[in-house]
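Visitor: What follows is entry.tsv; its format and atoms are TSV, C-alpha atoms.
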chain	number	residue	atom	x	y	z
A	237	MET	CA	43.93	-43.26	-14.75
A	238	ALA	CA	42.81	-40.25	-12.73
A	239	ARG	CA	46.03	-40.48	-10.75
A	240	LEU	CA	48.06	-40.39	-13.99
A	241	TYR	CA	46.21	-37.26	-15.18
A	242	PHE	CA	46.88	-35.60	-11.83
A	243	ILE	CA	50.60	-36.38	-12.08
A	244	LEU	CA	50.76	-35.00	-15.63
A	245	LEU	CA	48.95	-31.82	-14.59
A	246	LEU	CA	51.30	-31.36	-11.65
A	247	PHE	CA	54.28	-31.86	-13.96
A	248	VAL	CA	53.01	-29.20	-16.39
A	249	CYS	CA	52.47	-26.74	-13.53
A	250	LEU	CA	55.99	-27.33	-12.24
A	251	ILE	CA	57.46	-26.84	-15.71
A	252	THR	CA	55.54	-23.55	-16.04
A	253	ILE	CA	56.85	-22.31	-12.71
A	254	VAL	CA	60.45	-23.35	-13.32
A	255	PHE	CA	60.44	-22.28	-16.97
A	256	PRO	CA	58.00	-19.37	-17.26
A	257	LEU	CA	56.47	-18.44	-20.59
A	258	PRO	CA	58.80	-16.28	-22.67
A	259	ALA	CA	58.13	-12.57	-22.88
A	260	GLN	CA	56.25	-11.21	-25.85
A	261	PRO	CA	58.60	-10.28	-28.73
A	262	PRO	CA	59.47	-6.56	-28.97
A	263	ILE	CA	57.50	-4.33	-31.29
A	264	GLN	CA	59.61	-3.11	-34.20
A	265	VAL	CA	59.45	0.69	-34.54
A	266	GLY	CA	61.69	1.25	-37.53
A	267	LYS	CA	61.40	3.95	-40.18
A	268	GLU	CA	58.33	2.27	-41.75
A	269	PHE	CA	56.38	2.26	-38.49
A	270	LYS	CA	53.27	4.47	-38.42
A	271	GLU	CA	50.77	3.10	-35.90
A	272	GLU	CA	49.78	-0.14	-34.24
A	273	LEU	CA	47.08	-1.33	-31.87
A	274	LEU	CA	48.65	-2.95	-28.82
A	275	SER	CA	46.88	-6.03	-27.50
A	276	ARG	CA	48.50	-9.42	-28.01
A	277	GLN	CA	51.95	-7.77	-27.95
A	278	THR	CA	51.45	-6.99	-24.25
A	279	GLU	CA	51.58	-8.88	-20.96
A	280	LEU	CA	49.47	-8.28	-17.86
A	281	LEU	CA	50.11	-8.50	-14.15
A	282	GLU	CA	47.21	-8.30	-11.70
A	283	ASP	CA	48.08	-6.67	-8.40
A	284	ALA	CA	45.30	-7.88	-6.10
A	285	SER	CA	47.11	-6.48	-3.06
A	286	LYS	CA	47.23	-2.99	-4.62
A	287	SER	CA	50.67	-2.53	-3.10
A	288	LEU	CA	53.26	-3.40	-5.76
A	289	THR	CA	55.73	-0.73	-6.76
A	290	ILE	CA	57.78	-0.68	-9.95
A	291	GLN	CA	60.71	-2.15	-8.01
A	292	ASN	CA	58.54	-5.04	-6.81
A	293	VAL	CA	57.29	-5.64	-10.33
A	294	LEU	CA	60.83	-5.77	-11.75
A	295	THR	CA	61.62	-8.64	-9.37
A	296	GLN	CA	58.45	-10.57	-10.28
A	297	GLN	CA	58.74	-10.79	-14.07
A	298	SER	CA	57.49	-14.39	-14.16
A	299	LEU	CA	54.06	-13.29	-12.87
A	300	PHE	CA	53.25	-11.46	-16.11
A	301	LYS	CA	50.85	-13.33	-18.38
A	302	PRO	CA	50.61	-12.78	-22.16
A	303	ASN	CA	47.40	-11.07	-23.21
A	304	ALA	CA	45.71	-13.52	-25.57
A	305	LYS	CA	42.65	-11.36	-26.23
A	306	PRO	CA	42.24	-8.92	-29.15
A	307	PHE	CA	41.77	-6.14	-26.56
A	308	ILE	CA	43.13	-5.45	-23.10
A	309	ASN	CA	39.91	-5.89	-21.16
A	310	PRO	CA	40.25	-7.33	-17.63
A	311	GLY	CA	36.59	-6.46	-16.96
A	312	PHE	CA	35.30	-5.62	-13.50
A	313	THR	CA	38.18	-5.66	-11.04
A	314	ASN	CA	39.20	-4.70	-7.52
A	315	SER	CA	42.89	-4.88	-8.41
A	316	TYR	CA	45.55	-2.71	-9.96
A	317	TYR	CA	46.92	-3.83	-13.33
A	318	TRP	CA	50.35	-3.55	-14.89
A	319	VAL	CA	50.79	-3.72	-18.67
A	320	ARG	CA	54.23	-4.62	-20.04
A	321	PHE	CA	55.50	-4.29	-23.60
A	322	GLN	CA	58.82	-3.80	-25.38
A	323	LEU	CA	59.87	-1.54	-28.24
A	324	THR	CA	62.97	-1.97	-30.34
A	325	ASN	CA	64.39	0.57	-32.76
A	326	PRO	CA	66.53	-1.11	-35.45
A	327	ASP	CA	67.38	2.19	-37.17
A	328	SER	CA	70.35	4.49	-36.66
A	329	VAL	CA	68.18	7.49	-35.65
A	330	ARG	CA	65.97	8.11	-32.64
A	331	LYS	CA	62.30	7.21	-32.95
A	332	ASP	CA	59.75	9.55	-31.35
A	333	LEU	CA	56.42	7.92	-30.58
A	334	ILE	CA	53.11	8.55	-28.81
A	335	LEU	CA	51.41	5.95	-26.64
A	336	GLU	CA	47.67	6.67	-26.63
A	337	VAL	CA	45.35	5.25	-23.99
A	338	GLU	CA	41.99	5.58	-25.70
A	339	ASN	CA	39.93	5.22	-22.51
A	340	PRO	CA	39.64	8.68	-20.87
A	341	HIS	CA	37.92	7.28	-17.75
A	342	ILE	CA	40.80	5.43	-16.08
A	343	ASN	CA	41.29	6.81	-12.58
A	344	LYS	CA	45.09	6.73	-12.42
A	345	LEU	CA	47.89	5.87	-14.84
A	346	GLN	CA	51.65	6.05	-14.82
A	347	LEU	CA	54.15	4.91	-17.44
A	348	PHE	CA	57.57	3.59	-16.42
A	349	THR	CA	60.47	3.15	-18.84
A	350	VAL	CA	63.23	0.61	-18.22
A	351	SER	CA	66.51	0.75	-20.11
A	352	GLY	CA	69.02	-1.73	-18.72
A	353	LYS	CA	69.04	-1.09	-14.98
A	354	GLN	CA	67.80	2.48	-15.30
A	355	VAL	CA	64.12	3.13	-14.46
A	356	SER	CA	62.38	6.42	-15.23
A	357	ALA	CA	58.87	7.25	-14.06
A	358	GLY	CA	56.45	9.28	-16.15
A	359	ILE	CA	53.87	11.78	-14.91
A	360	LEU	CA	51.10	10.37	-12.74
A	361	THR	CA	47.84	11.18	-14.49
A	362	GLY	CA	44.25	9.98	-14.84
A	363	ASP	CA	40.71	11.33	-14.64
A	364	HIS	CA	41.16	11.83	-10.87
A	365	PHE	CA	43.73	14.52	-11.61
A	366	PRO	CA	43.44	17.98	-13.23
A	367	PHE	CA	43.54	18.10	-17.02
A	368	ALA	CA	46.66	20.27	-16.84
A	369	GLN	CA	48.52	17.37	-15.21
A	370	ARG	CA	48.39	15.27	-18.37
A	371	PRO	CA	51.70	14.84	-20.22
A	372	VAL	CA	49.98	16.03	-23.42
A	373	LYS	CA	46.82	18.16	-23.42
A	374	HIS	CA	44.40	15.83	-25.19
A	375	PRO	CA	41.01	14.19	-24.44
A	376	HIS	CA	42.80	10.82	-24.27
A	377	PHE	CA	45.87	10.02	-22.20
A	378	LEU	CA	49.02	10.47	-24.32
A	379	PHE	CA	52.53	9.49	-23.27
A	380	PRO	CA	55.50	10.68	-25.38
A	381	ILE	CA	58.06	7.92	-25.94
A	382	SER	CA	61.55	8.18	-27.39
A	383	VAL	CA	63.48	5.05	-28.40
A	384	PRO	CA	67.21	5.58	-29.04
A	385	PRO	CA	68.76	4.03	-32.16
A	386	SER	CA	69.58	0.31	-32.04
A	387	GLN	CA	68.07	-0.11	-28.57
A	388	THR	CA	65.23	-2.01	-26.94
A	389	LEU	CA	63.23	-0.48	-24.11
A	390	THR	CA	60.70	-2.09	-21.78
A	391	PHE	CA	57.61	-0.17	-20.67
A	392	TYR	CA	55.32	-0.74	-17.71
A	393	LEU	CA	51.95	0.99	-17.63
A	394	TRP	CA	50.36	1.02	-14.17
A	395	THR	CA	46.59	1.47	-14.08
A	396	ASP	CA	44.10	1.91	-11.25
A	397	LYS	CA	40.38	1.57	-11.78
A	398	HIS	CA	39.58	-0.76	-8.91
A	399	GLY	CA	35.92	-1.28	-8.11
A	400	GLU	CA	34.94	-0.55	-11.72
A	401	GLN	CA	35.06	-1.94	-15.24
A	402	LEU	CA	38.58	-1.71	-16.65
A	403	GLN	CA	39.44	-1.48	-20.34
A	404	ILE	CA	42.90	-0.42	-21.51
A	405	PRO	CA	42.82	0.26	-25.26
A	406	LEU	CA	46.38	1.11	-26.29
A	407	ARG	CA	47.54	2.48	-29.63
A	408	LEU	CA	51.14	3.29	-30.51
A	409	TRP	CA	51.77	6.10	-32.99
A	410	GLU	CA	54.73	7.54	-34.80
A	411	LYS	CA	54.74	11.12	-33.54
A	412	ASP	CA	54.44	12.97	-36.86
A	413	HIS	CA	51.83	10.51	-38.11
A	414	PHE	CA	49.77	11.12	-34.98
A	415	SER	CA	49.96	14.88	-35.52
A	416	THR	CA	48.79	14.50	-39.13
A	417	LYS	CA	45.90	12.23	-38.14
A	418	GLY	CA	44.95	14.58	-35.32
A	419	TYR	CA	44.98	17.58	-37.66
A	420	ILE	CA	42.66	15.81	-40.11
A	421	LEU	CA	40.38	14.76	-37.25
A	422	PHE	CA	40.15	18.30	-35.89
A	423	LEU	CA	39.40	19.62	-39.39
A	424	PHE	CA	36.57	17.09	-39.68
A	425	ILE	CA	35.21	18.02	-36.25
A	426	GLY	CA	35.43	21.72	-37.18
A	427	LEU	CA	33.51	21.01	-40.39
A	428	LEU	CA	30.79	19.21	-38.43
A	429	LEU	CA	30.58	22.05	-35.92
A	430	GLY	CA	30.34	24.58	-38.77
A	431	ILE	CA	27.53	22.63	-40.45
A	432	THR	CA	25.72	22.26	-37.13
A	433	SER	CA	26.06	25.98	-36.36
A	434	LEU	CA	24.79	26.90	-39.83
A	435	TYR	CA	21.84	24.54	-39.42
A	436	CYS	CA	20.98	26.06	-36.03
A	437	LEU	CA	21.24	29.59	-37.45
A	438	ILE	CA	19.00	28.79	-40.42
A	439	SER	CA	16.53	27.00	-38.13
A	440	PHE	CA	16.40	30.02	-35.82
A	441	PHE	CA	15.69	32.52	-38.61
A	442	THR	CA	13.24	30.14	-40.26
A	443	TYR	CA	11.38	29.68	-36.98
A	444	TYR	CA	11.42	33.41	-36.30
A	445	PHE	CA	10.10	34.48	-39.70
A	446	LEU	CA	7.65	31.61	-40.07
A	447	SER	CA	6.29	32.28	-36.59
A	448	SER	CA	5.65	35.91	-37.57
A	449	LYS	CA	4.11	34.78	-40.85
A	450	ASN	CA	1.87	32.26	-39.12
A	451	HIS	CA	0.71	35.01	-36.79
A	452	LEU	CA	-0.27	37.13	-39.80
A	453	LEU	CA	-2.08	34.19	-41.38
A	454	LEU	CA	-4.07	33.64	-38.18
A	455	LEU	CA	-5.17	37.27	-38.34
A	456	ASP	CA	-6.08	36.77	-42.00
A	457	ILE	CA	-8.22	33.74	-41.15
A	458	HIS	CA	-10.07	35.80	-38.54
A	459	HIS	CA	-10.66	38.57	-41.06
A	460	CYS	CA	-11.75	36.07	-43.68
A	461	ARG	CA	-14.27	34.55	-41.31
A	462	MET	CA	-15.71	37.97	-40.68
A	463	ALA	CA	-15.76	38.58	-44.41
A	464	PHE	CA	-17.48	35.24	-45.07
A	465	PHE	CA	-20.31	35.91	-42.69
A	466	GLY	CA	-20.64	39.56	-43.65
A	467	CYS	CA	-20.33	39.39	-47.43
A	468	SER	CA	-20.83	37.16	-50.42
A	469	TYR	CA	-18.65	34.16	-51.34
A	470	ARG	CA	-16.93	36.11	-54.16
A	471	THR	CA	-15.95	38.86	-51.75
A	472	TRP	CA	-14.59	36.31	-49.21
A	473	VAL	CA	-12.39	34.65	-51.84
A	474	SER	CA	-11.05	38.03	-52.94
A	475	THR	CA	-10.23	38.90	-49.34
A	476	VAL	CA	-8.32	35.63	-48.80
A	477	LEU	CA	-6.31	36.02	-51.99
A	478	GLU	CA	-5.48	39.60	-51.13
A	479	ARG	CA	-4.27	38.65	-47.65
A	480	ILE	CA	-2.10	35.77	-48.91
A	481	TYR	CA	-0.58	38.06	-51.53
A	482	LEU	CA	0.24	40.66	-48.89
A	483	VAL	CA	1.82	38.05	-46.58
A	484	ASP	CA	3.96	36.54	-49.35
Step by step, read the file and then write its structure as C-alpha cells.
Guide:
Amino acid sequence: MARLYFILLLFVCLITIVFPLPAQPPIQVGKEFKEELLSRQTELLEDASKSLTIQNVLTQQSLFKPNAKPFINPGFTNSYYWVRFQLTNPDSVRKDLILEVENPHINKLQLFTVSGKQVSAGILTGDHFPFAQRPVKHPHFLFPISVPPSQTLTFYLWTDKHGEQLQIPLRLWEKDHFSTKGYILFLFIGLLLGITSLYCLISFFTYYFLSSKNHLLLLDIHHCRMAFFGCSYRTWVSTVLERIYLVD
C-alpha cells in the first residue's frame, strides 16, 4: 500500500513538472477599474542564489508559484523574490495606472515590463537609495504603468530584503483615482496637523498664564498666612478675597 502511495505521489510530481500550473489570469483594467489589492492575482519566484536576472527569469517561467495567501508575505528570508502579474486593457484607449508598494522599508526594488519580446526596466529604487531616486516622490514606492489599448502586459517586480522580514503589499490604482485619494488624504493630514498645532498653541499660552497666576496665588497664600497670624479671622478672610479678586 505504501508503495502504491509512493508511485501516485511520484506520478503527480511528474505531471506538475511536465505540465506546470497555469499562470494567474490577467487583471482587467478597463474603464471601470479604480483600484485593487494585488495578492492572489500574483505569482512568486524565490531566488535563493540571489543571482537571477530578468533574462534568466524569462526562461524559467515554470518556477513561479501562485500566491495563495491574502497577502504577499514570504516572511523572514535570505533570498531575493520576484513577483509576476499581468494586466490587460480591453478598452480602445490607453490606461494609466500606479502600482503602489505600501511597504517603505524594502531595501531594493525594480519593476520590469514585458510586452511580447520587448523588455523594459524601470528605475532601481528602495530605502537603500536616495529619496530623489524614486520614480514618484512619495513615502511609498510608486511605479507609473501605462497599458496600451487592447493589449496584455506582464510585469515582474524584483525585491531584495534578504536577511530580514519581507512583506510586499501591492495595490494597483487608476492614476486619476489615486490622485483624488491622495488629495483627500493630504487634506485630512493637514487638518490633523492644524488641530494639533492649535492644541499646542493653546496649551502653551494656558501653561504660561496659569503658571504666572499660580505664582501670584502662592504670594497671596504667604500674605494671607501673615495676615492670619497678625490679625483677626475677619481681616484674614477679607485679605484672601481681595487677593483672589485682584488675581482674577
Visitor: Have a look at A:Pro302, A:Gly362, A:Pro384, A:Gly311 and name the one nearest to A:Glu400; count all atoms listed in the file.
Guide: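 Checking each candidate against A:Glu400, we get A:Gly311 as the closest.
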Visitor: With a distance cut-off of 10 Å and all atoms listed in the file, select the neighbouring residues of A:Ser356, excluding the residue or stretch itself and same-chain residues fewer than 4 positions from it, and output the selection as a list in words.
Guide: Ile290, Leu347, Phe348, Thr349, Val350, Ser351 and Phe391 of chain A
Visitor: Around all the atoms of stretch 383-391 of chain A listed in the file, draw an axis-aligned box and extend it by 4 Å on each of the six sides; I want its centre and edge lengths in Å to one decimal, as JSON.
Guide:
{"center_x": 63.6, "center_y": 1.7, "center_z": -26.4, "size_x": 20.0, "size_y": 15.7, "size_z": 19.5}
Visitor: Select, from A:Asp363, A:Glu271, A:Glu410, A:Glu282, the residue with the minimum atom-to-atom distance to A:Asn339, counting only C-alpha atoms.
Guide: A:Asp363
Visitor: For the point (40.1, 5.4, -27.8) in the file's frame, write as a list in words all residues with an atom no more than 8 Å away, counting all atoms listed in the file.
Guide: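 Within the cut-off we find Glu336, Val337, Glu338, Asn339, Pro340, His376, Pro405 and Leu406 of chain A.
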Visitor: I need the residue nearest A:Lys344 from this list: A:Leu428, A:Leu323, A:Cys436, A:Ile404. Use all atoms listed in the file for the distance.
Guide: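 Checking each candidate against A:Lys344, we get A:Ile404 as the closest.
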Visitor: List every protein, DNA or RNA residue with an atom no more than 12 Å from (38.4, -3.6, -3.3) in the file's coordinates, counting only C-alpha atoms, and format the result as a PyMOL selection string.
Guide: chain A and resi 283-286+312-316+396-400
Visitor: Pick the closest to A:Thr324 from A:Gln387, A:Gln403, A:Asn303, A:Thr289: which is it, counting only C-alpha atoms?
Guide: A:Gln387
Visitor: Which is closer to A:Leu280 than all the others in A:Ser298, A:Gln401, A:Gln264, A:Thr388, using all atoms listed in the file?
Guide: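 When distances to A:Leu280 are compared using all atoms listed in the file, the smallest one comes from A:Ser298.
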Visitor: Select, from A:Val319, A:Leu360, A:Ile438, A:Ile381, the residue with the minimum atom-to-atom distance to A:Val293, counting all atoms listed in the file.
Guide: A:Val319
